[in-house]
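Okay, structure first, notes after.
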2 protein chains.
Amino acid sequence: MKAAVLCTGTELTRGELVDTNGPWLAAALTQKGHDVVEVVSVADDLSWMSNTVRRLAKASELMVVCGGLGPTTDDITRSVVAEVLGVPLVRDQDQVDTIARRLAARGRDMTESNARQADLPQGADVFPNAQGTAPGFAVTLDGCRAYFMPGVPSEMRYMFHTLVAPAVGAASRGMAQVVLHAWGGAESAVCDRLAGIESAYDVTLGYRAHMPSLEIKVLATAAEQAEAEGRARSAANEVRRRLGAGVVFGEGGQRLATVVGSELTARGQSIALAESCTGGLVSRLLTEHAGASRYFLGAVVSYANSAKETLLSVPGCDLERWGAVSEPVARAMAEGTRKVHGSDVGLSFTGIAGPEGGSGEKPVGLVYIGMATAEATVVEKHLLFGSRPEVQMRAAFAGLNLVRKHLLGIGLEDGSEREHSP
Amino acid sequence: MKAAVLCTGTELTRGELVDTNGPWLAAALTQKGHDVVEVVSVADDLSWMSNTVRRLAKASELMVVCGGLGPTTDDITRSVVAEVLGVPLVRDQDQVDTIARRLAARGRDMTESNARQADLPQGADVFPNAQGTAPGFAVTLDGCRAYFMPGVPSEMRYMFHTLVAPAVGAASRGMAQVVLHAWGGAESAVCDRLAGIESAYDVTLGYRAHMPSLEIKVLATAAEQAEAEGRARSAANEVRRRLGAGVVFGEGGQRLATVVGSELTARGQSIALAESCTGGLVSRLLTEHAGASRYFLGAVVSYANSAKETLLSVPGCDLERWGAVSEPVARAMAEGTRKVHGSDVGLSFTGIAGPEGGSGEKPVGLVYIGMATAEATVVEKHLLFGSRPEVQMRAAFAGLNLVRKHLLGIGLEDGSEREHSP
C-alpha cells in the first residue's frame, strides 16, 4: 500500500531538530510491507499544512502524521484536518475527562488550553493517549486512511504500537531485504561487478556509502513472504560470490569490528594494538561493543616517537633511519604490542593522516599496517584518500579486514589491491 | 524567500537512515534568513521524484536538493531534472576529465558508471565536487532556483559552503544565531535557569541534545543584520553568565576536545591518557582533529589488568585489593601514564561501561576519572547513565571537562555536582 509520513513543526523546517519520528514511522510501515514514498516535514503554517494533507491524501492510500496536537497556539493539526474535511471541531467529553484526570494526577488543574486538545474533527475515530494528554485520531480523506498522533516520541511510539499499527494492518504482499557490508571496492566498481543480478533474480539492488564501507541492499517483493525471502537470499549469495569474501565482510547488524571480535572469540585468540596515525580509533571500534574484553587486551596509542620507543621497544635507530612512518617501524610496533600484551595478534598503524605533515616521498594518506602473529609479521603499505578522519577510518578498516582475512584464511590476493586504494 | 529542501533516497523513505542532510540544509538556509516551509525525503522513483521537483518549484522560490547524483543505477536525480525541464542530458567533458583525474589519483580507471556522473541537464550551471566525483548543478525551474548536490554529507556540506551558499545569498532581513555548547546540565534544568532571556533580549532559544552535550541556540531577527547580531551576542553572553564557564565549554564549530587542545597548546602543555572503560575513545576524540601532535603524547588503552601493571606500573596489590574499578587504580593509572609519557597532564578512566559486569557495589555506569599534574592528582567518582556507548561518551566528556577546568582555573564547585550525574 502506498504510504506517506508527515511530521509537523517549525523546529523541523528550521533544522533545529533532526527528525527521528519520520524515519521511525517509515521503518515501522516498511516492515509491515507498505511502500513509503515520501517522508515530509512541514512548518506550523495553516495553509501549507492543509495543502500537504490534501496532496498526500490524493497520492497515497495510507498517511501517518505526527505533531501539532498539543495545547499551545502553534498546535494546529486538528484545525487543519477539520478544514480539509469541511467539518467542525467537536469537543470530545470523554477525552476532556481523561485529560483532567491525567493533569490532576500530576497535581495540576485543567486550563482551556489543555481542554482544546479534546477538540477533534467531527466523525474522527479517537485514539486515547496512554502516555500524555493529547489524544490521537483517524479519519478518511479522499479514500486515504490518515492517522494523527502526538509528536513527543515516547507518546507517538506507544500509541503507534498499541493502537495505530493494529488498525493499519500489514500489506498483503511479501517483502524481504538482505543488507550486505563490503569494504575494499569502490561503489562504481562494485555496481559494475553486480550487473545483471537485478534482472536474473528479480530483485532491486541499492547502494549506500557508509563511510568507509559500502552497504549493498538486496530487496525482493513477491505475493508470498517466503518467496520474497528466498529470492533475496539467493541474490545476496550471488552478490557475495561475485565480490568475494575478502570484500563482503558482513550482513545486517554486523560491523567489521564485531565480525573480527567474533572470529577471534571463536578461535580463543586475543588481539592488542599499536596505534599511531589512527590515534585510538581502532581501539574505540573494538571496545564500543559489549564483550570486547574477551579478545581485546589493550593498545598503545604511541603518538609521540618516545612512546614508540619506551612502550613498544621500537628501536631508536629504526625511527631515525626510516622515520616513524615506515615499514620497519610498523613491523616493530606490531611485534612490540603483541609481546608487551602477550596477545595472539598484534596490529599496528603508522601513517600520515593529514591535513599537514605530508611530503613528496611520504604524502598524506600513506599508512603502513603491520600484523604480527605467532607465524609471521606482515606489513601492508596503503595510500588512502580523503580528509583526516576519512584516512583514519579507512586505515582502521584496512587493518581490521587484514586481521579478518588472516583468521578466515583468505589469501591476500583476494581483494588486497582494491584495498590499497579503495 | 520561500525555500524547500529535498533529499532523495529509498533508504530515507524506508527509515533505514535518519536523514541529517535535510535538517542541516534547513538550518543553513534559515540562518541566511530564508523561510524553509518544507523538508521532504522521497524514494528513488522517477515519477514520484519528478512530481515532487515540479511541485516544489511551483510552491517555492528556492530549492536545495541532495542525493541521487552518484554512479549507480539508483542515482536518478539527473534524469529527473532533465525530464522536468524537457531537455536532454549532455555529457560535460570538463567534468569527465575531472572525474578521471580524481579516480586516477586513487589508482583507479574510469568506468562508464563513473562517467555518467558528468551527464548533466542541458544548460545547467555546473558545481565541481572538490571532495568527490559527482558534480552538482543548478537550474531554474518555473521561476524557482534549484540547486542539486551529492548526498554524501561531507561532499554536500563542502559544496554548499563553497559554491551554493554564495550563489543563494542571504534574504534581505537580518538574522543572527549563536550556538553554545554545554555539558553538565540537564535540558530542563538549563531551560529553567535561562527563563526570561527570550523576552528580555527579544531572541528565540532553541535546545538540542547533541549526545552527550547540549546545544543552546540563540536566534535573533531584526530589520538590520548588525542589530540581529548584537542582540544574539548579548543574549548569548547572558546565557554564558547564568550557566557558568564550568558548563558552557564552547561555541559554534568548537568541540570539547578542540577546546582542551587549544588550552593545552596555549600553555605549551602536553597530555597523555590511560583508558580502560573508554577503550580508546578519548584518544580518538583528541586525535581526530589536526594538530593533536602538538599536545597529545599518547595513551595506554589498558583493557586487561596485566596491561595496567606492565605498561602503567599500577601496583598488583591495588588491583587485587580494590579491583580495577577503584579510586587507587584510577590514581595510579593517571600517574603512571603521566610518568611513562613524560606529559604535563595524565588523565585516566576506569569504570564499568556495561551492559554486563556491574554489581551491587559497583554498578554499570560507575567510572573513576583521575587527573595527575605536577601539583597533585585528583580522582572524581561518577555514576553515569545510559547505554554502553553513552556511558563511554559521558565519561570521556567528564574527563576532558575536568582537564579544561583545571587549565582555566575553574573551581570544581562550579558545575561539578551536575557532572556527576548529568
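Residue names in the C-alpha cells use chain letters A, B, ... in the order shown, residue numbers from 1 in each chain, and ligand numbers from 1 in the order shown.
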
Residues of chain B were defined as contacting chain A if any atom lay at most 7 Å from it, counting only C-alpha atoms; please report them as JSON, numbers by chain.
{"B": [12, 13, 14, 15, 16, 17, 18, 20, 23, 24, 26, 27, 30, 36, 37, 38, 39, 40, 41, 42, 43, 71, 72, 74, 106, 107, 113, 114, 208, 279, 280, 281, 283, 284, 287, 288, 290, 293, 297, 298, 299, 300, 301, 302, 303, 304, 307, 311, 341, 355, 389]}

Residue contacts of Ser313 of chain B (8 Å, only C-alpha atoms) excluding same-chain residues fewer than 6 positions away, as a list of chain:residue names:
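Final neighbour list, sorted by chain and number: B:Ala332, B:Met333, B:Gly336.
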
Let me make sure I understand: if you superpose chain A onto chain B using all C-alpha atoms paired in order, what RMSD in Å results?
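RMSD over all C-alpha atoms: 5.2 Å.
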
Might you pull out every residue within 7 Å of Ala57 of chain B, with only C-alpha atoms counted and same-chain residues fewer than 5 positions away left off, and present them as a PDB file with C-alpha atoms, in the first residue's frame?
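Generated output (out-v1.pdb):
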```
ATOM      1  CA  LEU B 141      12.503  25.633 -12.852  1.00  0.00           C
ATOM      2  CA  ASP B 142       9.267  27.572 -13.117  1.00  0.00           C
ATOM      3  CA  CYS B 144      12.442  28.644  -8.757  1.00  0.00           C
TER       4      CYS B 144
END
```

So which bits of segment 130-251 of chain B end up strand (DSSP E or B) when you DSSP the backbone, as a PDB file with N, CA, C and O atoms, in the first residue's frame?
```pdb
ATOM      1  N   GLY B 136      27.806  18.822  -8.738  1.00  0.00           N
ATOM      2  CA  GLY B 136      26.478  19.356  -8.502  1.00  0.00           C
ATOM      3  C   GLY B 136      26.098  20.289  -9.649  1.00  0.00           C
ATOM      4  O   GLY B 136      26.891  20.520 -10.560  1.00  0.00           O
ATOM      5  N   PHE B 137      24.898  20.809  -9.599  1.00  0.00           N
ATOM      6  CA  PHE B 137      24.488  21.754 -10.645  1.00  0.00           C
ATOM      7  C   PHE B 137      23.285  22.563 -10.178  1.00  0.00           C
ATOM      8  O   PHE B 137      22.666  22.236  -9.154  1.00  0.00           O
ATOM      9  N   ALA B 138      22.996  23.627 -10.923  1.00  0.00           N
ATOM     10  CA  ALA B 138      21.838  24.457 -10.610  1.00  0.00           C
ATOM     11  C   ALA B 138      21.055  24.719 -11.883  1.00  0.00           C
ATOM     12  O   ALA B 138      21.637  24.839 -12.966  1.00  0.00           O
ATOM     13  N   VAL B 139      19.737  24.765 -11.761  1.00  0.00           N
ATOM     14  CA  VAL B 139      18.870  25.108 -12.895  1.00  0.00           C
ATOM     15  C   VAL B 139      17.744  26.002 -12.374  1.00  0.00           C
ATOM     16  O   VAL B 139      17.562  26.130 -11.160  1.00  0.00           O
ATOM     17  N   THR B 140      17.032  26.637 -13.301  1.00  0.00           N
ATOM     18  CA  THR B 140      15.862  27.407 -12.912  1.00  0.00           C
ATOM     19  C   THR B 140      14.619  26.708 -13.439  1.00  0.00           C
ATOM     20  O   THR B 140      14.521  26.395 -14.624  1.00  0.00           O
ATOM     21  N   LEU B 141      13.704  26.410 -12.527  1.00  0.00           N
ATOM     22  CA  LEU B 141      12.503  25.633 -12.852  1.00  0.00           C
ATOM     23  C   LEU B 141      11.295  26.467 -12.486  1.00  0.00           C
ATOM     24  O   LEU B 141      11.084  26.738 -11.304  1.00  0.00           O
ATOM     25  N   CYS B 144      11.787  29.055 -10.009  1.00  0.00           N
ATOM     26  CA  CYS B 144      12.442  28.644  -8.757  1.00  0.00           C
ATOM     27  C   CYS B 144      13.880  28.263  -9.065  1.00  0.00           C
ATOM     28  O   CYS B 144      14.142  27.471  -9.967  1.00  0.00           O
ATOM     29  N   ARG B 145      14.821  28.826  -8.308  1.00  0.00           N
ATOM     30  CA  ARG B 145      16.213  28.458  -8.491  1.00  0.00           C
ATOM     31  C   ARG B 145      16.462  27.175  -7.691  1.00  0.00           C
ATOM     32  O   ARG B 145      16.219  27.132  -6.478  1.00  0.00           O
ATOM     33  N   ALA B 146      16.948  26.143  -8.386  1.00  0.00           N
ATOM     34  CA  ALA B 146      17.101  24.835  -7.735  1.00  0.00           C
ATOM     35  C   ALA B 146      18.554  24.374  -7.796  1.00  0.00           C
ATOM     36  O   ALA B 146      19.174  24.392  -8.861  1.00  0.00           O
ATOM     37  N   TYR B 147      19.084  23.977  -6.654  1.00  0.00           N
ATOM     38  CA  TYR B 147      20.475  23.540  -6.530  1.00  0.00           C
ATOM     39  C   TYR B 147      20.499  22.055  -6.218  1.00  0.00           C
ATOM     40  O   TYR B 147      19.794  21.597  -5.318  1.00  0.00           O
ATOM     41  N   PHE B 148      21.337  21.311  -6.938  1.00  0.00           N
ATOM     42  CA  PHE B 148      21.419  19.864  -6.764  1.00  0.00           C
ATOM     43  C   PHE B 148      22.819  19.480  -6.305  1.00  0.00           C
ATOM     44  O   PHE B 148      23.809  19.853  -6.946  1.00  0.00           O
ATOM     45  N   MET B 149      22.899  18.747  -5.203  1.00  0.00           N
ATOM     46  CA  MET B 149      24.195  18.389  -4.617  1.00  0.00           C
ATOM     47  C   MET B 149      24.233  16.899  -4.305  1.00  0.00           C
ATOM     48  O   MET B 149      23.184  16.273  -4.139  1.00  0.00           O
ATOM     49  N   GLY B 174      17.611  40.795   8.515  1.00  0.00           N
ATOM     50  CA  GLY B 174      18.752  40.408   9.335  1.00  0.00           C
ATOM     51  C   GLY B 174      18.401  39.256  10.251  1.00  0.00           C
ATOM     52  O   GLY B 174      17.306  39.184  10.789  1.00  0.00           O
ATOM     53  N   MET B 175      19.315  38.333  10.386  1.00  0.00           N
ATOM     54  CA  MET B 175      19.110  37.190  11.262  1.00  0.00           C
ATOM     55  C   MET B 175      20.472  36.721  11.758  1.00  0.00           C
ATOM     56  O   MET B 175      21.411  36.641  10.966  1.00  0.00           O
ATOM     57  N   ALA B 176      20.592  36.471  13.027  1.00  0.00           N
ATOM     58  CA  ALA B 176      21.875  36.011  13.565  1.00  0.00           C
ATOM     59  C   ALA B 176      21.628  34.935  14.604  1.00  0.00           C
ATOM     60  O   ALA B 176      20.656  34.992  15.355  1.00  0.00           O
ATOM     61  N   GLN B 177      22.510  33.961  14.618  1.00  0.00           N
ATOM     62  CA  GLN B 177      22.366  32.874  15.583  1.00  0.00           C
ATOM     63  C   GLN B 177      23.713  32.570  16.224  1.00  0.00           C
ATOM     64  O   GLN B 177      24.725  32.516  15.540  1.00  0.00           O
ATOM     65  N   VAL B 178      23.705  32.398  17.529  1.00  0.00           N
ATOM     66  CA  VAL B 178      24.895  31.943  18.239  1.00  0.00           C
ATOM     67  C   VAL B 178      24.560  30.574  18.819  1.00  0.00           C
ATOM     68  O   VAL B 178      23.511  30.408  19.443  1.00  0.00           O
ATOM     69  N   VAL B 179      25.431  29.603  18.572  1.00  0.00           N
ATOM     70  CA  VAL B 179      25.218  28.262  19.120  1.00  0.00           C
ATOM     71  C   VAL B 179      26.237  28.019  20.226  1.00  0.00           C
ATOM     72  O   VAL B 179      27.446  28.100  19.992  1.00  0.00           O
ATOM     73  N   LEU B 180      25.757  27.764  21.419  1.00  0.00           N
ATOM     74  CA  LEU B 180      26.629  27.478  22.555  1.00  0.00           C
ATOM     75  C   LEU B 180      26.592  25.986  22.859  1.00  0.00           C
ATOM     76  O   LEU B 180      25.562  25.341  22.672  1.00  0.00           O
ATOM     77  N   HIS B 181      27.716  25.456  23.334  1.00  0.00           N
ATOM     78  CA  HIS B 181      27.778  24.041  23.699  1.00  0.00           C
ATOM     79  C   HIS B 181      27.946  23.922  25.201  1.00  0.00           C
ATOM     80  O   HIS B 181      28.844  24.532  25.776  1.00  0.00           O
ATOM     81  N   ALA B 182      27.075  23.124  25.816  1.00  0.00           N
ATOM     82  CA  ALA B 182      27.103  22.981  27.273  1.00  0.00           C
ATOM     83  C   ALA B 182      27.218  21.516  27.664  1.00  0.00           C
ATOM     84  O   ALA B 182      26.756  20.634  26.951  1.00  0.00           O
ATOM     85  N   THR B 204      15.022  34.046  20.305  1.00  0.00           N
ATOM     86  CA  THR B 204      14.423  32.722  20.480  1.00  0.00           C
ATOM     87  C   THR B 204      15.516  31.762  20.922  1.00  0.00           C
ATOM     88  O   THR B 204      16.590  31.727  20.321  1.00  0.00           O
ATOM     89  N   LEU B 205      15.247  31.003  21.988  1.00  0.00           N
ATOM     90  CA  LEU B 205      16.211  29.998  22.435  1.00  0.00           C
ATOM     91  C   LEU B 205      15.764  28.623  21.946  1.00  0.00           C
ATOM     92  O   LEU B 205      14.584  28.285  22.037  1.00  0.00           O
ATOM     93  N   GLY B 206      16.694  27.877  21.405  1.00  0.00           N
ATOM     94  CA  GLY B 206      16.396  26.508  20.977  1.00  0.00           C
ATOM     95  C   GLY B 206      17.362  25.560  21.672  1.00  0.00           C
ATOM     96  O   GLY B 206      18.508  25.913  21.937  1.00  0.00           O
ATOM     97  N   TYR B 207      16.881  24.360  21.960  1.00  0.00           N
ATOM     98  CA  TYR B 207      17.722  23.385  22.654  1.00  0.00           C
ATOM     99  C   TYR B 207      17.798  22.122  21.822  1.00  0.00           C
ATOM    100  O   TYR B 207      16.820  21.691  21.245  1.00  0.00           O
ATOM    101  N   ARG B 208      18.981  21.542  21.769  1.00  0.00           N
ATOM    102  CA  ARG B 208      19.094  20.269  21.077  1.00  0.00           C
ATOM    103  C   ARG B 208      20.123  19.408  21.795  1.00  0.00           C
ATOM    104  O   ARG B 208      21.267  19.821  21.978  1.00  0.00           O
ATOM    105  N   ALA B 209      19.694  18.222  22.200  1.00  0.00           N
ATOM    106  CA  ALA B 209      20.623  17.290  22.822  1.00  0.00           C
ATOM    107  C   ALA B 209      21.557  16.784  21.737  1.00  0.00           C
ATOM    108  O   ALA B 209      21.116  16.317  20.702  1.00  0.00           O
ATOM    109  N   HIS B 210      22.851  16.962  21.954  1.00  0.00           N
ATOM    110  CA  HIS B 210      23.852  16.543  20.974  1.00  0.00           C
ATOM    111  C   HIS B 210      24.782  15.634  21.751  1.00  0.00           C
ATOM    112  O   HIS B 210      25.889  15.995  22.092  1.00  0.00           O
ATOM    113  N   SER B 213      26.492  16.290  24.954  1.00  0.00           N
ATOM    114  CA  SER B 213      26.385  17.690  25.334  1.00  0.00           C
ATOM    115  C   SER B 213      25.049  18.265  24.883  1.00  0.00           C
ATOM    116  O   SER B 213      24.230  17.580  24.275  1.00  0.00           O
ATOM    117  N   LEU B 214      24.838  19.529  25.207  1.00  0.00           N
ATOM    118  CA  LEU B 214      23.587  20.200  24.878  1.00  0.00           C
ATOM    119  C   LEU B 214      23.906  21.434  24.043  1.00  0.00           C
ATOM    120  O   LEU B 214      24.773  22.221  24.414  1.00  0.00           O
ATOM    121  N   GLU B 215      23.224  21.563  22.910  1.00  0.00           N
ATOM    122  CA  GLU B 215      23.379  22.773  22.097  1.00  0.00           C
ATOM    123  C   GLU B 215      22.301  23.764  22.487  1.00  0.00           C
ATOM    124  O   GLU B 215      21.127  23.408  22.535  1.00  0.00           O
ATOM    125  N   ILE B 216      22.712  24.994  22.735  1.00  0.00           N
ATOM    126  CA  ILE B 216      21.745  26.048  23.038  1.00  0.00           C
ATOM    127  C   ILE B 216      21.849  27.078  21.922  1.00  0.00           C
ATOM    128  O   ILE B 216      22.901  27.676  21.715  1.00  0.00           O
ATOM    129  N   LYS B 217      20.752  27.243  21.172  1.00  0.00           N
ATOM    130  CA  LYS B 217      20.777  28.164  20.040  1.00  0.00           C
ATOM    131  C   LYS B 217      20.076  29.455  20.390  1.00  0.00           C
ATOM    132  O   LYS B 217      18.948  29.447  20.873  1.00  0.00           O
ATOM    133  N   VAL B 218      20.761  30.566  20.154  1.00  0.00           N
ATOM    134  CA  VAL B 218      20.206  31.886  20.438  1.00  0.00           C
ATOM    135  C   VAL B 218      19.988  32.562  19.093  1.00  0.00           C
ATOM    136  O   VAL B 218      20.944  32.876  18.377  1.00  0.00           O
ATOM    137  N   LEU B 219      18.731  32.761  18.729  1.00  0.00           N
ATOM    138  CA  LEU B 219      18.401  33.296  17.408  1.00  0.00           C
ATOM    139  C   LEU B 219      17.750  34.667  17.537  1.00  0.00           C
ATOM    140  O   LEU B 219      16.811  34.850  18.308  1.00  0.00           O
ATOM    141  N   ALA B 220      18.279  35.640  16.785  1.00  0.00           N
ATOM    142  CA  ALA B 220      17.692  36.985  16.776  1.00  0.00           C
ATOM    143  C   ALA B 220      17.393  37.394  15.346  1.00  0.00           C
ATOM    144  O   ALA B 220      18.184  37.127  14.440  1.00  0.00           O
ATOM    145  N   THR B 221      16.249  38.023  15.136  1.00  0.00           N
ATOM    146  CA  THR B 221      15.947  38.593  13.819  1.00  0.00           C
ATOM    147  C   THR B 221      15.671  40.070  14.002  1.00  0.00           C
ATOM    148  O   THR B 221      15.186  40.501  15.046  1.00  0.00           O
ATOM    149  N   ALA B 222      16.011  40.854  12.975  1.00  0.00           N
ATOM    150  CA  ALA B 222      15.803  42.299  13.030  1.00  0.00           C
ATOM    151  C   ALA B 222      15.821  42.834  11.610  1.00  0.00           C
ATOM    152  O   ALA B 222      16.170  42.112  10.674  1.00  0.00           O
ATOM    153  N   VAL B 248      29.266  25.845  30.148  1.00  0.00           N
ATOM    154  CA  VAL B 248      29.375  26.216  28.725  1.00  0.00           C
ATOM    155  C   VAL B 248      30.831  26.081  28.309  1.00  0.00           C
ATOM    156  O   VAL B 248      31.696  26.811  28.795  1.00  0.00           O
ATOM    157  N   PHE B 249      31.116  25.140  27.434  1.00  0.00           N
ATOM    158  CA  PHE B 249      32.517  24.904  27.095  1.00  0.00           C
ATOM    159  C   PHE B 249      32.908  25.433  25.721  1.00  0.00           C
ATOM    160  O   PHE B 249      34.094  25.463  25.393  1.00  0.00           O
ATOM    161  N   GLY B 250      31.960  25.843  24.918  1.00  0.00           N
ATOM    162  CA  GLY B 250      32.357  26.314  23.592  1.00  0.00           C
ATOM    163  C   GLY B 250      31.200  26.877  22.811  1.00  0.00           C
ATOM    164  O   GLY B 250      30.076  26.977  23.298  1.00  0.00           O
ATOM    165  N   GLU B 251      31.513  27.208  21.582  1.00  0.00           N
ATOM    166  CA  GLU B 251      30.576  27.950  20.743  1.00  0.00           C
ATOM    167  C   GLU B 251      30.825  27.579  19.283  1.00  0.00           C
ATOM    168  O   GLU B 251      31.953  27.268  18.907  1.00  0.00           O
TER     169      GLU B 251
END
```

Among segment 286-413 of chain B, which residues carry a DSSP assignment of alpha helix (DSSP H), reported as a PyMOL selection string?
chain B and resi 286-287+305-312+316-322+327-341+388-408

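The coordinates place atom CA of Leu408 of chain B at 20.2 Å from atom CA of Ala236 of chain B.
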
Close residues, Gln122 of chain A itself excluded, 7 Å, only C-alpha atoms, min 4 positions apart in chain, as a list in words:
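Residues near the query, excluding close chain neighbours: Val87, Pro88, Leu89 and Val90 of chain A.
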
Rounded to one decimal, what separation in Å do you get between atom CA of Thr77 of chain A and atom CA of Val53 of chain A?
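Pair atom CA of Thr77 of chain A / atom CA of Val53 of chain A returns 9.8 Å.
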
Would you mind reading off the distance between atom CA of Ala82 of chain A and atom CA of Pro128 of chain A, one decimal, in Å?
18.7 Å

Proximity to Met371 of chain B - best of B:Gly253, B:Gly346, B:Gly358, B:Gly33, only C-alpha atoms:
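Of B:Gly253, B:Gly346, B:Gly358, B:Gly33, the one nearest Met371 of chain B is B:Gly346, counting only C-alpha atoms.
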
Polymer residues at most 10 Å from Ser326 of chain A, only C-alpha atoms, same-chain spacing of 2 or more positions, as a PDB file with N, CA and C atoms, in the first residue's frame:
```pdb
ATOM      1  N   ASP A 318      65.820   2.586  14.082  1.00  0.00           N
ATOM      2  CA  ASP A 318      64.834   2.449  13.003  1.00  0.00           C
ATOM      3  C   ASP A 318      64.066   3.749  12.809  1.00  0.00           C
ATOM      4  N   LEU A 319      63.675   4.341  13.945  1.00  0.00           N
ATOM      5  CA  LEU A 319      62.948   5.608  13.875  1.00  0.00           C
ATOM      6  C   LEU A 319      63.787   6.673  13.187  1.00  0.00           C
ATOM      7  N   ARG A 321      66.482   6.173  11.155  1.00  0.00           N
ATOM      8  CA  ARG A 321      66.886   5.854   9.787  1.00  0.00           C
ATOM      9  C   ARG A 321      65.713   5.899   8.823  1.00  0.00           C
ATOM     10  N   TRP A 322      64.563   5.314   9.215  1.00  0.00           N
ATOM     11  CA  TRP A 322      63.432   5.179   8.280  1.00  0.00           C
ATOM     12  C   TRP A 322      62.323   6.175   8.542  1.00  0.00           C
ATOM     13  N   GLY A 323      62.315   6.752   9.741  1.00  0.00           N
ATOM     14  CA  GLY A 323      61.204   7.641  10.103  1.00  0.00           C
ATOM     15  C   GLY A 323      60.074   6.834  10.724  1.00  0.00           C
ATOM     16  N   ALA A 324      59.197   7.530  11.454  1.00  0.00           N
ATOM     17  CA  ALA A 324      58.114   6.839  12.166  1.00  0.00           C
ATOM     18  C   ALA A 324      57.137   6.185  11.195  1.00  0.00           C
ATOM     19  N   PRO A 328      59.684  -0.753   8.582  1.00  0.00           N
ATOM     20  CA  PRO A 328      60.319  -1.352   9.772  1.00  0.00           C
ATOM     21  C   PRO A 328      59.657  -0.925  11.075  1.00  0.00           C
ATOM     22  N   VAL A 329      59.174   0.330  11.141  1.00  0.00           N
ATOM     23  CA  VAL A 329      58.561   0.795  12.389  1.00  0.00           C
ATOM     24  C   VAL A 329      57.195   0.144  12.581  1.00  0.00           C
ATOM     25  N   ALA A 330      56.416   0.002  11.483  1.00  0.00           N
ATOM     26  CA  ALA A 330      55.124  -0.692  11.586  1.00  0.00           C
ATOM     27  C   ALA A 330      55.346  -2.117  12.094  1.00  0.00           C
ATOM     28  N   ARG A 331      56.377  -2.765  11.562  1.00  0.00           N
ATOM     29  CA  ARG A 331      56.711  -4.134  11.953  1.00  0.00           C
ATOM     30  C   ARG A 331      57.070  -4.192  13.444  1.00  0.00           C
ATOM     31  N   THR A 350      50.837   3.068  11.412  1.00  0.00           N
ATOM     32  CA  THR A 350      51.646   4.290  11.431  1.00  0.00           C
ATOM     33  C   THR A 350      51.532   4.939  10.068  1.00  0.00           C
ATOM     34  N   GLY A 351      51.188   6.218  10.045  1.00  0.00           N
ATOM     35  CA  GLY A 351      50.975   6.879   8.763  1.00  0.00           C
ATOM     36  C   GLY A 351      50.791   8.372   8.935  1.00  0.00           C
ATOM     37  N   LYS A 362      56.629  10.975   1.321  1.00  0.00           N
ATOM     38  CA  LYS A 362      55.619  10.400   2.227  1.00  0.00           C
ATOM     39  C   LYS A 362      54.397  11.324   2.259  1.00  0.00           C
ATOM     40  N   LEU A 366      49.533   8.116   3.301  1.00  0.00           N
ATOM     41  CA  LEU A 366      50.421   6.947   3.364  1.00  0.00           C
ATOM     42  C   LEU A 366      50.312   6.311   4.751  1.00  0.00           C
ATOM     43  N   VAL A 367      49.930   5.044   4.769  1.00  0.00           N
ATOM     44  CA  VAL A 367      49.772   4.345   6.050  1.00  0.00           C
ATOM     45  C   VAL A 367      50.377   2.949   5.943  1.00  0.00           C
ATOM     46  N   TYR A 368      51.218   2.591   6.887  1.00  0.00           N
ATOM     47  CA  TYR A 368      51.733   1.221   6.996  1.00  0.00           C
ATOM     48  C   TYR A 368      50.954   0.504   8.097  1.00  0.00           C
ATOM     49  N   ILE A 369      50.503  -0.698   7.753  1.00  0.00           N
ATOM     50  CA  ILE A 369      49.749  -1.502   8.719  1.00  0.00           C
ATOM     51  C   ILE A 369      50.500  -2.807   8.937  1.00  0.00           C
ATOM     52  N   VAL A 379      53.489  -6.625   6.698  1.00  0.00           N
ATOM     53  CA  VAL A 379      53.242  -5.188   6.697  1.00  0.00           C
ATOM     54  C   VAL A 379      52.649  -4.808   5.343  1.00  0.00           C
ATOM     55  N   LYS A 381      51.373  -1.676   2.811  1.00  0.00           N
ATOM     56  CA  LYS A 381      51.533  -0.238   2.560  1.00  0.00           C
ATOM     57  C   LYS A 381      50.278   0.247   1.845  1.00  0.00           C
TER      58      LYS A 381
END
```

For Ala200 of chain B, which residue out of B:Ala374, B:Ile99, B:Ala118, B:Val239 is the nearest one, using only C-alpha atoms?
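Counting only C-alpha atoms, the residue closest to Ala200 of chain B is B:Val239.
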